[in-house]
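Enquirer: Structure supplied as input_12.cif; contents: mmCIF, C-alpha atoms.
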data_protein
#
loop_
_atom_site.label_atom_id
_atom_site.label_comp_id
_atom_site.auth_asym_id
_atom_site.auth_seq_id
_atom_site.Cartn_x
_atom_site.Cartn_y
_atom_site.Cartn_z
CA MET A 18 96.77 126.44 162.76
CA PRO A 19 96.82 122.90 161.27
CA LYS A 20 96.93 120.20 163.91
CA THR A 21 97.94 117.31 161.67
CA ASN A 22 101.30 116.57 160.06
CA ILE A 23 101.64 115.53 156.41
CA GLY A 24 105.30 114.60 156.88
CA LYS A 25 108.46 116.03 155.41
CA PHE A 26 109.47 116.06 151.75
CA PHE A 27 112.91 116.14 150.18
CA GLU A 28 113.05 119.95 150.12
CA ASP A 29 112.46 120.15 153.87
CA TYR A 30 115.84 118.64 154.80
CA LYS A 31 119.09 120.53 155.28
CA ILE A 32 122.57 119.19 155.97
CA GLY A 33 123.21 119.17 159.72
CA MET A 34 119.51 119.21 160.65
CA LEU A 35 118.96 117.35 163.94
CA LEU A 36 115.62 115.62 164.40
CA LYS A 37 114.61 114.39 167.85
CA HIS A 38 112.01 111.68 167.34
CA ALA A 39 108.80 111.39 169.31
CA VAL A 40 107.43 108.75 171.66
CA PRO A 41 109.86 106.89 173.94
CA ARG A 42 109.28 103.14 174.16
CA THR A 43 109.78 100.93 177.22
CA LEU A 44 110.56 97.39 176.13
CA THR A 45 109.21 94.42 178.07
CA VAL A 46 109.36 90.63 178.04
CA GLY A 47 106.09 90.90 176.12
CA ASP A 48 107.92 92.57 173.24
CA SER A 49 110.42 89.71 173.22
CA ALA A 50 107.62 87.16 173.20
CA VAL A 51 105.88 88.85 170.28
CA TYR A 52 109.16 89.06 168.37
CA LYS A 53 109.63 85.30 168.78
CA ALA A 54 106.04 84.71 167.70
CA LEU A 55 106.60 86.71 164.52
CA TYR A 56 109.96 85.28 163.52
CA SER A 57 110.37 81.98 165.41
CA SER A 58 113.68 83.24 166.77
CA ARG A 59 115.36 80.36 168.65
CA PHE A 60 118.74 81.73 169.73
CA ALA A 61 119.24 80.46 173.26
CA ILE A 62 120.63 83.60 174.86
CA TYR A 63 117.34 85.42 174.14
CA SER A 64 115.16 82.46 175.05
CA SER A 65 116.49 81.37 178.47
CA ASP A 66 117.46 83.44 181.49
CA ARG A 67 119.45 80.44 182.73
CA PHE A 68 121.43 80.26 179.49
CA ALA A 69 122.04 84.03 179.56
CA LEU A 70 123.22 83.82 183.18
CA ASP A 71 125.65 81.04 182.28
CA CYS A 72 126.98 83.39 179.57
CA GLY A 73 127.61 86.12 182.13
CA LEU A 74 124.55 88.29 181.53
CA GLY A 75 122.02 89.28 184.16
CA SER A 76 119.06 87.87 182.22
CA SER A 77 117.95 87.31 178.64
CA PRO A 78 118.51 90.56 176.74
CA ILE A 79 116.25 92.10 174.11
CA GLU A 80 117.26 90.91 170.64
CA GLU A 81 119.40 93.46 168.84
CA LEU A 82 117.21 93.47 165.74
CA LEU A 83 114.16 94.20 167.89
CA VAL A 84 116.08 97.19 169.25
CA PHE A 85 116.87 98.20 165.67
CA HIS A 86 113.19 97.99 164.66
CA ILE A 87 112.12 100.14 167.60
CA ILE A 88 114.72 102.85 166.95
CA PHE A 89 114.05 102.73 163.20
CA GLY A 90 110.31 103.00 163.83
CA LYS A 91 110.82 106.12 165.96
CA SER A 92 112.56 107.83 163.03
CA VAL A 93 109.92 107.11 160.39
CA SER A 94 107.58 110.06 161.03
CA ASP A 95 110.45 112.52 160.59
CA ILE A 96 112.51 110.68 157.98
CA SER A 97 110.57 108.27 155.80
CA TYR A 98 106.86 108.92 156.24
CA ASN A 99 106.75 110.02 152.58
CA ALA A 100 109.39 107.57 151.44
CA ILE A 101 109.24 105.76 148.13
CA ALA A 102 111.63 103.11 149.45
CA ASN A 103 114.16 102.55 152.21
CA LEU A 104 117.34 101.73 150.31
CA GLY A 105 120.00 100.59 152.73
CA TYR A 106 121.92 100.71 156.01
CA ALA A 107 125.58 100.98 156.95
CA ASN A 108 127.99 101.38 159.87
CA CYS A 109 125.51 100.01 162.39
CA ARG A 110 126.86 99.26 165.87
CA PHE A 111 125.01 97.87 168.88
CA LEU A 112 126.84 99.64 171.68
CA LYS A 113 125.03 98.60 174.84
CA THR A 114 122.83 95.61 175.64
CA VAL A 115 119.14 96.38 176.11
CA TYR A 116 117.11 94.52 178.74
CA PRO A 117 113.38 94.40 179.53
CA GLY A 118 112.47 97.59 181.37
CA ASP A 119 114.80 99.83 179.38
CA THR A 120 113.23 102.86 177.69
CA LEU A 121 114.52 103.85 174.27
CA THR A 122 114.47 107.18 172.45
CA ALA A 123 115.96 108.21 169.10
CA GLU A 124 117.31 111.15 167.12
CA SER A 125 118.68 111.55 163.58
CA GLU A 126 121.07 113.95 161.86
CA VAL A 127 120.86 114.72 158.15
CA ILE A 128 124.28 113.93 156.65
CA GLY A 129 123.56 113.79 152.90
CA LEU A 130 121.17 114.90 150.15
CA LYS A 131 121.17 113.99 146.45
CA GLU A 132 118.48 114.85 143.91
CA ASN A 133 117.38 112.09 141.53
CA SER A 134 117.57 112.63 137.78
CA ASN A 135 113.77 112.22 137.45
CA LEU A 136 113.45 115.46 139.50
CA ASN A 137 110.48 114.13 141.51
CA SER A 138 112.47 112.56 144.33
CA GLY A 139 115.83 112.51 146.06
CA ILE A 140 118.04 110.43 148.34
CA LEU A 141 118.24 111.43 151.99
CA TYR A 142 121.11 110.15 154.18
CA VAL A 143 120.78 110.22 157.97
CA ARG A 144 122.69 109.01 161.01
CA THR A 145 120.28 107.71 163.64
CA ARG A 146 121.15 107.18 167.29
CA GLY A 147 119.13 105.31 169.91
CA THR A 148 119.63 105.93 173.62
CA ASN A 149 118.35 104.35 176.83
CA GLN A 150 116.86 106.00 179.91
CA GLU A 151 120.35 106.79 181.22
CA GLY A 152 121.25 108.66 178.05
CA GLU A 153 123.63 105.90 176.97
CA THR A 154 123.83 105.16 173.25
CA VAL A 155 122.60 101.65 172.53
CA LEU A 156 122.57 101.81 168.74
CA ASP A 157 124.08 103.99 166.01
CA PHE A 158 123.59 103.56 162.27
CA ILE A 159 123.43 105.29 158.89
CA ARG A 160 120.59 104.77 156.45
CA TRP A 161 119.51 106.24 153.14
CA VAL A 162 116.02 106.53 151.78
CA MET A 163 114.32 107.74 148.60
CA ILE A 164 111.96 110.61 149.44
CA LYS A 165 109.30 112.34 147.35
CA LYS A 166 109.78 115.98 146.44
CA ARG A 167 107.05 118.47 147.13
CA SER A 168 107.57 120.03 143.70
CA ASN A 169 109.43 118.97 140.58
CA GLU A 170 110.36 122.62 140.09
CA SER A 171 112.53 122.80 143.20
CA LYS A 172 116.27 122.30 142.74
CA LEU A 173 119.01 121.15 145.08
CA ASP A 174 121.97 123.47 144.53
CA ASP A 175 124.68 121.60 146.41
CA PRO A 176 124.28 117.80 146.66
CA VAL A 177 126.19 116.12 149.47
CA ILE A 178 126.94 112.40 149.40
CA PRO A 179 128.48 111.37 152.71
CA ALA A 180 131.62 109.26 152.91
CA ILE A 181 130.46 105.93 154.34
CA LYS A 182 132.99 103.40 155.53
CA GLU A 183 132.92 100.08 153.72
CA ASN A 184 132.59 98.17 156.97
CA VAL A 185 132.77 98.45 160.73
CA SER A 186 136.18 97.20 161.86
CA PRO A 187 136.35 94.42 164.48
CA GLU A 188 138.05 96.88 166.87
CA GLU A 189 135.00 99.15 166.80
CA LEU A 190 132.59 96.42 167.89
CA ILE A 191 131.50 96.08 171.50
CA VAL A 192 131.31 92.76 173.36
CA PRO A 193 128.47 93.15 175.90
CA ALA A 194 129.65 93.73 179.47
CA GLY A 195 130.02 90.44 181.33
CA LEU A 196 129.54 88.20 178.30
CA LYS A 197 131.59 85.01 178.32
CA PHE A 198 131.47 81.75 176.43
CA ASP A 199 133.35 79.40 178.74
CA LYS A 200 132.93 75.89 180.20
CA ASN A 201 129.39 76.79 181.28
CA TYR A 202 128.29 77.29 177.66
CA ASP A 203 125.66 74.61 176.97
CA PHE A 204 125.99 73.53 173.33
CA LEU A 205 123.14 71.05 173.71
CA ALA A 206 120.80 73.81 174.86
CA ALA A 207 122.04 76.11 172.08
CA GLY A 208 121.12 73.57 169.41
CA GLU A 209 124.48 72.97 167.65
CA ASN A 210 128.09 72.15 168.55
CA PHE A 211 129.85 74.49 166.11
CA THR A 212 132.34 77.08 167.34
CA SER A 213 134.27 79.67 165.32
CA ARG A 214 136.90 76.99 164.63
CA ASP A 215 134.35 74.93 162.68
CA TYR A 216 133.83 77.61 160.03
CA VAL A 217 136.17 78.72 157.24
CA VAL A 218 136.26 81.98 155.33
CA GLY A 219 134.33 81.64 152.08
CA GLU A 220 132.14 78.80 153.37
CA LEU A 221 128.54 78.86 152.12
CA ILE A 222 125.67 77.74 154.35
CA ASP A 223 122.28 76.95 152.86
CA HIS A 224 119.76 77.49 155.65
CA PHE A 225 117.16 75.39 153.78
CA ASP A 226 114.09 76.76 155.57
CA ALA A 227 111.66 78.98 153.68
CA ILE A 228 108.99 81.40 154.91
CA THR A 229 106.09 82.81 152.91
CA VAL A 230 105.45 86.42 153.86
CA ASP A 231 101.99 86.79 155.31
CA GLU A 232 100.08 90.05 154.86
CA SER A 233 98.77 90.14 158.43
CA GLU A 234 102.14 89.30 160.01
CA HIS A 235 104.14 91.99 158.25
CA LEU A 236 101.41 94.54 159.00
CA ALA A 237 101.34 93.50 162.67
CA ALA A 238 105.13 93.70 162.90
CA THR A 239 105.28 97.14 161.29
CA ARG A 240 102.62 98.43 163.68
CA LEU A 241 104.39 96.91 166.68
CA TRP A 242 107.56 98.81 165.78
CA GLN A 243 105.39 101.96 165.44
CA ASN A 244 106.58 102.37 161.85
CA ASN A 245 103.92 104.44 160.06
CA ALA A 246 105.53 104.74 156.59
CA LYS A 247 102.72 105.05 154.04
CA VAL A 248 104.15 102.47 151.62
CA HIS A 249 103.64 99.71 154.20
CA PHE A 250 99.93 100.38 154.73
CA ASP A 251 98.33 102.36 151.91
CA THR A 252 97.83 100.31 148.73
CA THR A 253 97.20 103.46 146.68
CA ILE A 254 100.76 104.75 147.15
CA ARG A 255 102.27 102.39 144.57
CA ARG A 256 101.08 102.12 140.99
CA ASP A 257 100.88 98.33 141.29
CA GLY A 258 98.51 98.62 144.26
CA LYS A 259 100.76 96.55 146.53
CA ARG A 260 101.88 97.19 150.08
CA LEU A 261 105.66 97.17 150.35
CA VAL A 262 106.89 94.87 153.12
CA TYR A 263 109.07 96.68 155.68
CA GLY A 264 112.66 95.68 154.91
CA GLY A 265 113.46 95.10 158.56
CA HIS A 266 110.80 92.38 158.58
CA VAL A 267 112.85 90.54 155.95
CA ILE A 268 116.07 91.06 157.93
CA SER A 269 114.54 89.44 161.02
CA MET A 270 113.17 86.56 158.96
CA VAL A 271 116.66 85.92 157.58
CA ARG A 272 118.27 86.11 161.02
CA SER A 273 115.73 83.59 162.31
CA MET A 274 116.28 81.20 159.41
CA SER A 275 120.07 81.41 159.89
CA PHE A 276 119.69 79.46 163.14
CA ASN A 277 119.96 76.32 161.01
CA GLY A 278 123.75 76.25 160.65
CA LEU A 279 124.53 79.26 162.87
CA ALA A 280 122.73 78.44 166.11
CA ASN A 281 125.70 79.55 168.21
CA ALA A 282 125.87 82.99 166.56
CA GLN A 283 124.25 84.25 169.73
CA MET A 284 124.38 88.05 169.42
CA VAL A 285 124.46 90.60 166.60
CA VAL A 286 126.95 93.39 167.34
CA GLY A 287 127.12 95.29 164.06
CA VAL A 288 125.90 95.65 160.49
CA ASN A 289 128.42 96.71 157.85
CA SER A 290 125.85 97.21 155.13
CA GLY A 291 122.38 96.12 154.16
CA SER A 292 120.61 96.64 150.84
CA HIS A 293 116.99 95.94 149.93
CA VAL A 294 117.86 95.31 146.31
CA ASN A 295 114.37 94.32 145.17
CA PRO A 296 110.97 94.84 146.84
CA THR A 297 109.26 92.19 148.95
CA PHE A 298 105.49 91.73 148.92
CA ALA A 299 103.01 89.55 150.76
CA GLY A 300 102.93 86.10 149.21
CA ASP A 301 106.65 86.02 148.42
CA THR A 302 108.39 82.91 149.77
CA ILE A 303 111.77 83.83 151.16
CA LYS A 304 114.81 81.57 151.35
CA CYS A 305 118.33 82.48 152.41
CA TRP A 306 121.96 81.46 152.54
CA SER A 307 124.97 82.85 154.39
CA GLN A 308 128.66 83.10 153.63
CA ILE A 309 131.49 83.39 156.15
CA LEU A 310 133.39 86.58 155.29
CA GLY A 311 135.72 86.70 158.27
CA ILE A 312 136.63 85.11 161.61
CA PHE A 313 138.27 87.16 164.38
CA GLU A 314 139.12 86.72 168.04
CA THR A 315 138.01 89.37 170.53
CA LYS A 316 139.73 90.54 173.69
CA VAL A 317 137.24 88.46 175.67
CA GLN A 318 138.46 84.90 176.09
CA GLY A 319 136.17 82.36 174.49
CA VAL A 320 134.28 84.95 172.40
CA ALA A 321 134.91 85.25 168.65
CA LEU A 322 133.49 87.37 165.85
CA LEU A 323 132.04 86.03 162.63
CA ARG A 324 131.49 88.37 159.72
CA LEU A 325 128.54 87.04 157.75
CA ARG A 326 126.88 87.81 154.48
CA SER A 327 123.26 86.66 154.44
CA VAL A 328 121.28 86.87 151.23
CA ALA A 329 117.49 86.52 150.96
CA TYR A 330 115.89 85.52 147.70
CA LYS A 331 112.65 84.16 146.27
CA GLY A 332 112.18 81.46 143.67
CA GLU A 333 115.17 79.41 142.58
CA GLN A 334 118.71 80.69 142.77
CA GLU A 335 122.15 79.08 142.89
CA ILE A 336 123.62 79.45 146.38
CA GLY A 337 126.40 82.02 146.40
CA LYS A 338 125.26 83.79 143.24
CA VAL A 339 123.76 87.28 143.42
CA PHE A 340 124.87 89.10 140.24
CA ASP A 341 124.12 88.53 136.57
CA ALA A 342 126.65 88.80 133.73
CA ARG A 343 126.30 92.61 133.73
CA GLY A 344 127.08 92.85 137.44
CA HIS A 345 123.47 93.61 138.39
CA TYR A 346 121.58 91.85 141.18
CA PHE A 347 119.32 89.08 139.97
CA PRO A 348 115.67 90.26 140.15
CA ASN A 349 114.77 87.60 142.72
CA ILE A 350 117.42 88.75 145.24
CA LEU A 351 115.64 90.64 148.02
CA LEU A 352 118.24 91.42 150.68
CA ASP A 353 122.04 91.52 150.81
CA LEU A 354 123.16 91.87 154.44
CA ASP A 355 126.75 92.05 155.74
CA TYR A 356 126.94 91.84 159.55
CA TRP A 357 128.85 90.76 162.66
CA VAL A 358 127.86 88.16 165.27
CA LEU A 359 129.43 86.78 168.45
CA ILE A 360 130.09 83.05 168.72
CA PRO A 361 132.06 80.73 171.05
CA SER A 362 135.67 80.34 169.97
#
Translate the structure of the given file into structure tokens.

Expert:
Amino acid sequence: MPKTNIGKFFEDYKIGMLLKHAVPRTLTVGDSAVYKALYSSRFAIYSSDRFALDCGLGSSPIEELLVFHIIFGKSVSDISYNAIANLGYANCRFLKTVYPGDTLTAESEVIGLKENSNLNSGILYVRTRGTNQEGETVLDFIRWVMIKKRSNESKLDDPVIPAIKENVSPEELIVPAGLKFDKNYDFLAAGENFTSRDYVVGELIDHFDAITVDESEHLAATRLWQNNAKVHFDTTIRRDGKRLVYGGHVISMVRSMSFNGLANAQMVVGVNSGSHVNPTFAGDTIKCWSQILGIFETKVQGVALLRLRSVAYKGEQEIGKVFDARGHYFPNILLDLDYWVLIPS
């Protein structure tokens, strides 16, 4: 009996299939430190226990995107080990705050399958759920990925494309238990004085900073999240001989760069949609800008929601522009991310 696993191919998935992913992961302050080392994350609530306590939390939590990477990484062996590309995310909600010492596990349900016209691959849609040691859901999201077929001769009789909501509504988002942004909120420590009242819908923010993707850093990050997708490590997978940078690495780079102009956007609570519209490779220099899509009050006094669109690109690009005259993304646009953050009101 074979002892090794070559991964699943498009034909191996069936609608309703439930995949429980291997290897639980206990997160520590060391994971938080490494995350900061990789992305230079400076948001105060994740950097200072004192700041987090003043905001009503027991200590500095684990950054939500680090939680996302860990849960995503768990799913790779069963979902995207043989992926050609991870295409996008939607309806992501962070439902419970994760702290050092929490142990995370993950499972995914197949919710959609669509064969590509080239007949050598297909699109797989899954809903992935991450839980803590108490069985509480900490994260829930949908993603879709292009998967190789085992044989071009196989046919999918009944394609299913799931109905995916355009965005997560403000009412569906969870403000972490105990969180408050009141008179104890230290704007000096946070790095900026801006509250939700200082932003307007439609406003564009150029984050100015740029980061060149380093081969060793994106490989280290992908290994740390235990993401073993072949395209991130094996240079023979692609015809151009390049290793594809894990898209989540780009998301975290963008979140880190957004500090300049959004330093008080302390916590990510949801992702409406995220698309890796063009591939990222080592050596690419990434820049980003954000646009304010919405401003909402929550039921928690002093805590507001910002809906943001953050776009990563390389080279030169006019801020606020992503589509050409034909309505296609410009080839230097790398990431288009629509998400929710919490900010003092």

Enquirer: Need the shell around Ser307 (chain A): protein/DNA/RNA residues with any atom at most 12 Å away, counting only C-alpha atoms. Skip same-chain ones fewer than 2 positions apart. Format as an MDAnalysis selection string?

Expert: chainID A and resid 216 218:225 271:272 274:279 304:305 309:310 323:330 336:339 352:356

Enquirer: Care to translate the PyMOL selection byres ((chain A and resi 27) around 8) into actual residues of this file, as a VMD selection string?

Expert: chain A and resid 25 to 26 28 to 30 138 to 141 164 to 167

Enquirer: Give me the residues near Ala54 (chain A) as a ChimeraX atom specification, where near means some atom within 10 Å (using only C-alpha atoms) and where sequence neighbours in that chain fewer than 5 positions away do not count.

Expert: /A:48-49,234

Enquirer: Output the residue selection produced by the PyMOL selection byres ((chain A and resi 149) around 9) on the file above, formatted as a PDB file with C-alpha atoms, in the frame of the given file.

Expert:
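That gives us expr_28.pdb:
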ATOM      1  CA  VAL A 115     119.140  96.380 176.110  1.00  0.00           C
ATOM      2  CA  ASP A 119     114.800  99.830 179.380  1.00  0.00           C
ATOM      3  CA  THR A 120     113.230 102.860 177.690  1.00  0.00           C
ATOM      4  CA  LEU A 121     114.520 103.850 174.270  1.00  0.00           C
ATOM      5  CA  THR A 122     114.470 107.180 172.450  1.00  0.00           C
ATOM      6  CA  ALA A 123     115.960 108.210 169.100  1.00  0.00           C
ATOM      7  CA  GLY A 147     119.130 105.310 169.910  1.00  0.00           C
ATOM      8  CA  THR A 148     119.630 105.930 173.620  1.00  0.00           C
ATOM      9  CA  GLN A 150     116.860 106.000 179.910  1.00  0.00           C
ATOM     10  CA  GLU A 151     120.350 106.790 181.220  1.00  0.00           C
ATOM     11  CA  GLY A 152     121.250 108.660 178.050  1.00  0.00           C
ATOM     12  CA  GLU A 153     123.630 105.900 176.970  1.00  0.00           C
ATOM     13  CA  THR A 154     123.830 105.160 173.250  1.00  0.00           C
ATOM     14  CA  VAL A 155     122.600 101.650 172.530  1.00  0.00           C
TER      15      VAL A 155
END

Enquirer: Just so the selection is clear, what residues does the PyMOL selection byres ((chain A and resi 102) around 10) cover here, as a VMD selection string?

Expert: chain A and resid 97 99 to 101 103 to 105 140 161 to 165 246 248 to 249 261 263 to 264 293 296

Enquirer: One decimal, Å: what's the distance from CA of His266 (chain A) over to CA of Val185 (chain A), could you say?

Expert: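 Computed distance, CA of His266 (chain A) to CA of Val185 (chain A), equals 22.9 Å.
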
Enquirer: If you measure from CA of Ala227 (chain A) to CA of Leu205 (chain A), what distance in Å do you get, rounded to one decimal?

Expert: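 Between CA of Ala227 (chain A) and CA of Leu205 (chain A) the gap is 24.4 Å.
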
Enquirer: Could you name the residues that touch Gly319 (chain A) at 10 Å or less, counting all atoms listed in the file, but leaving out those on the same chain fewer than 6 positions away, as number ranges by chain?

Expert: A: 196-200, 202, 212-213, 360-362

Enquirer: Could you take the residues named above and write them with C-alpha atoms, as a PDB file, in the frame of the given file?

Expert:
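Written output follows (out_18.pdb):
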ATOM      1  CA  LEU A 196     129.540  88.200 178.300  1.00  0.00           C
ATOM      2  CA  LYS A 197     131.590  85.010 178.320  1.00  0.00           C
ATOM      3  CA  PHE A 198     131.470  81.750 176.430  1.00  0.00           C
ATOM      4  CA  ASP A 199     133.350  79.400 178.740  1.00  0.00           C
ATOM      5  CA  LYS A 200     132.930  75.890 180.200  1.00  0.00           C
ATOM      6  CA  TYR A 202     128.290  77.290 177.660  1.00  0.00           C
ATOM      7  CA  THR A 212     132.340  77.080 167.340  1.00  0.00           C
ATOM      8  CA  SER A 213     134.270  79.670 165.320  1.00  0.00           C
ATOM      9  CA  ILE A 360     130.090  83.050 168.720  1.00  0.00           C
ATOM     10  CA  PRO A 361     132.060  80.730 171.050  1.00  0.00           C
ATOM     11  CA  SER A 362     135.670  80.340 169.970  1.00  0.00           C
TER      12      SER A 362
END

Enquirer: At what distance in Å, to one decimal, does CA of Glu126 (chain A) lie from CA of Leu44 (chain A)?

Expert: 24.3 Å

Enquirer: Do you know which residues are at most 12 Å from Asp175 (chain A) counting all atoms listed in the file, after dropping those on the same chain fewer than 5 positions away, and could you put them as a list of chain:residue names?

Expert: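 With the cut-off at 12 Å, the set is A:Lys31, A:Ile32, A:Gly129, A:Leu130, A:Lys131, A:Glu132.
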
Enquirer: What would region 123-163 of chain A look like if you wrote it out as a PDB file, in the first residue's frame, with C-alpha atoms included, from the block I just posted?

Expert:
ATOM      1  CA  ALA A 123      -9.472  23.463  10.017  1.00  0.00           C
ATOM      2  CA  GLU A 124     -11.942  21.729   7.729  1.00  0.00           C
ATOM      3  CA  SER A 125     -13.328  22.504   4.257  1.00  0.00           C
ATOM      4  CA  GLU A 126     -16.512  21.649   2.368  1.00  0.00           C
ATOM      5  CA  VAL A 127     -16.636  21.450  -1.427  1.00  0.00           C
ATOM      6  CA  ILE A 128     -19.365  23.850  -2.584  1.00  0.00           C
ATOM      7  CA  GLY A 129     -18.635  24.242  -6.307  1.00  0.00           C
ATOM      8  CA  LEU A 130     -16.940  22.656  -9.333  1.00  0.00           C
ATOM      9  CA  LYS A 131     -16.521  24.039 -12.855  1.00  0.00           C
ATOM     10  CA  GLU A 132     -14.458  22.514 -15.651  1.00  0.00           C
ATOM     11  CA  ASN A 133     -12.261  24.874 -17.681  1.00  0.00           C
ATOM     12  CA  SER A 134     -12.635  25.050 -21.454  1.00  0.00           C
ATOM     13  CA  ASN A 135      -9.034  23.835 -21.951  1.00  0.00           C
ATOM     14  CA  LEU A 136     -10.154  20.500 -20.409  1.00  0.00           C
ATOM     15  CA  ASN A 137      -6.914  20.099 -18.416  1.00  0.00           C
ATOM     16  CA  SER A 138      -8.054  21.919 -15.283  1.00  0.00           C
ATOM     17  CA  GLY A 139     -11.064  23.135 -13.360  1.00  0.00           C
ATOM     18  CA  ILE A 140     -12.173  25.582 -10.683  1.00  0.00           C
ATOM     19  CA  LEU A 141     -12.816  24.213  -7.199  1.00  0.00           C
ATOM     20  CA  TYR A 142     -14.859  26.240  -4.684  1.00  0.00           C
ATOM     21  CA  VAL A 143     -14.616  25.452  -0.962  1.00  0.00           C
ATOM     22  CA  ARG A 144     -15.830  26.880   2.325  1.00  0.00           C
ATOM     23  CA  THR A 145     -13.115  26.603   4.963  1.00  0.00           C
ATOM     24  CA  ARG A 146     -13.699  26.880   8.692  1.00  0.00           C
ATOM     25  CA  GLY A 147     -11.082  27.280  11.424  1.00  0.00           C
ATOM     26  CA  THR A 148     -11.818  26.366  15.032  1.00  0.00           C
ATOM     27  CA  ASN A 149     -10.005  26.729  18.353  1.00  0.00           C
ATOM     28  CA  GLN A 150      -9.389  24.147  21.069  1.00  0.00           C
ATOM     29  CA  GLU A 151     -12.885  24.733  22.464  1.00  0.00           C
ATOM     30  CA  GLY A 152     -14.489  23.943  19.125  1.00  0.00           C
ATOM     31  CA  GLU A 153     -15.431  27.587  18.595  1.00  0.00           C
ATOM     32  CA  THR A 154     -15.279  28.904  15.033  1.00  0.00           C
ATOM     33  CA  VAL A 155     -12.641  31.616  14.749  1.00  0.00           C
ATOM     34  CA  LEU A 156     -12.662  32.048  10.971  1.00  0.00           C
ATOM     35  CA  ASP A 157     -14.949  31.169   8.065  1.00  0.00           C
ATOM     36  CA  PHE A 158     -14.303  31.925   4.395  1.00  0.00           C
ATOM     37  CA  ILE A 159     -14.883  30.835   0.799  1.00  0.00           C
ATOM     38  CA  ARG A 160     -12.083  30.464  -1.710  1.00  0.00           C
ATOM     39  CA  TRP A 161     -11.721  29.194  -5.255  1.00  0.00           C
ATOM     40  CA  VAL A 162      -8.690  27.653  -6.851  1.00  0.00           C
ATOM     41  CA  MET A 163      -7.661  26.344 -10.267  1.00  0.00           C
TER      42      MET A 163
END
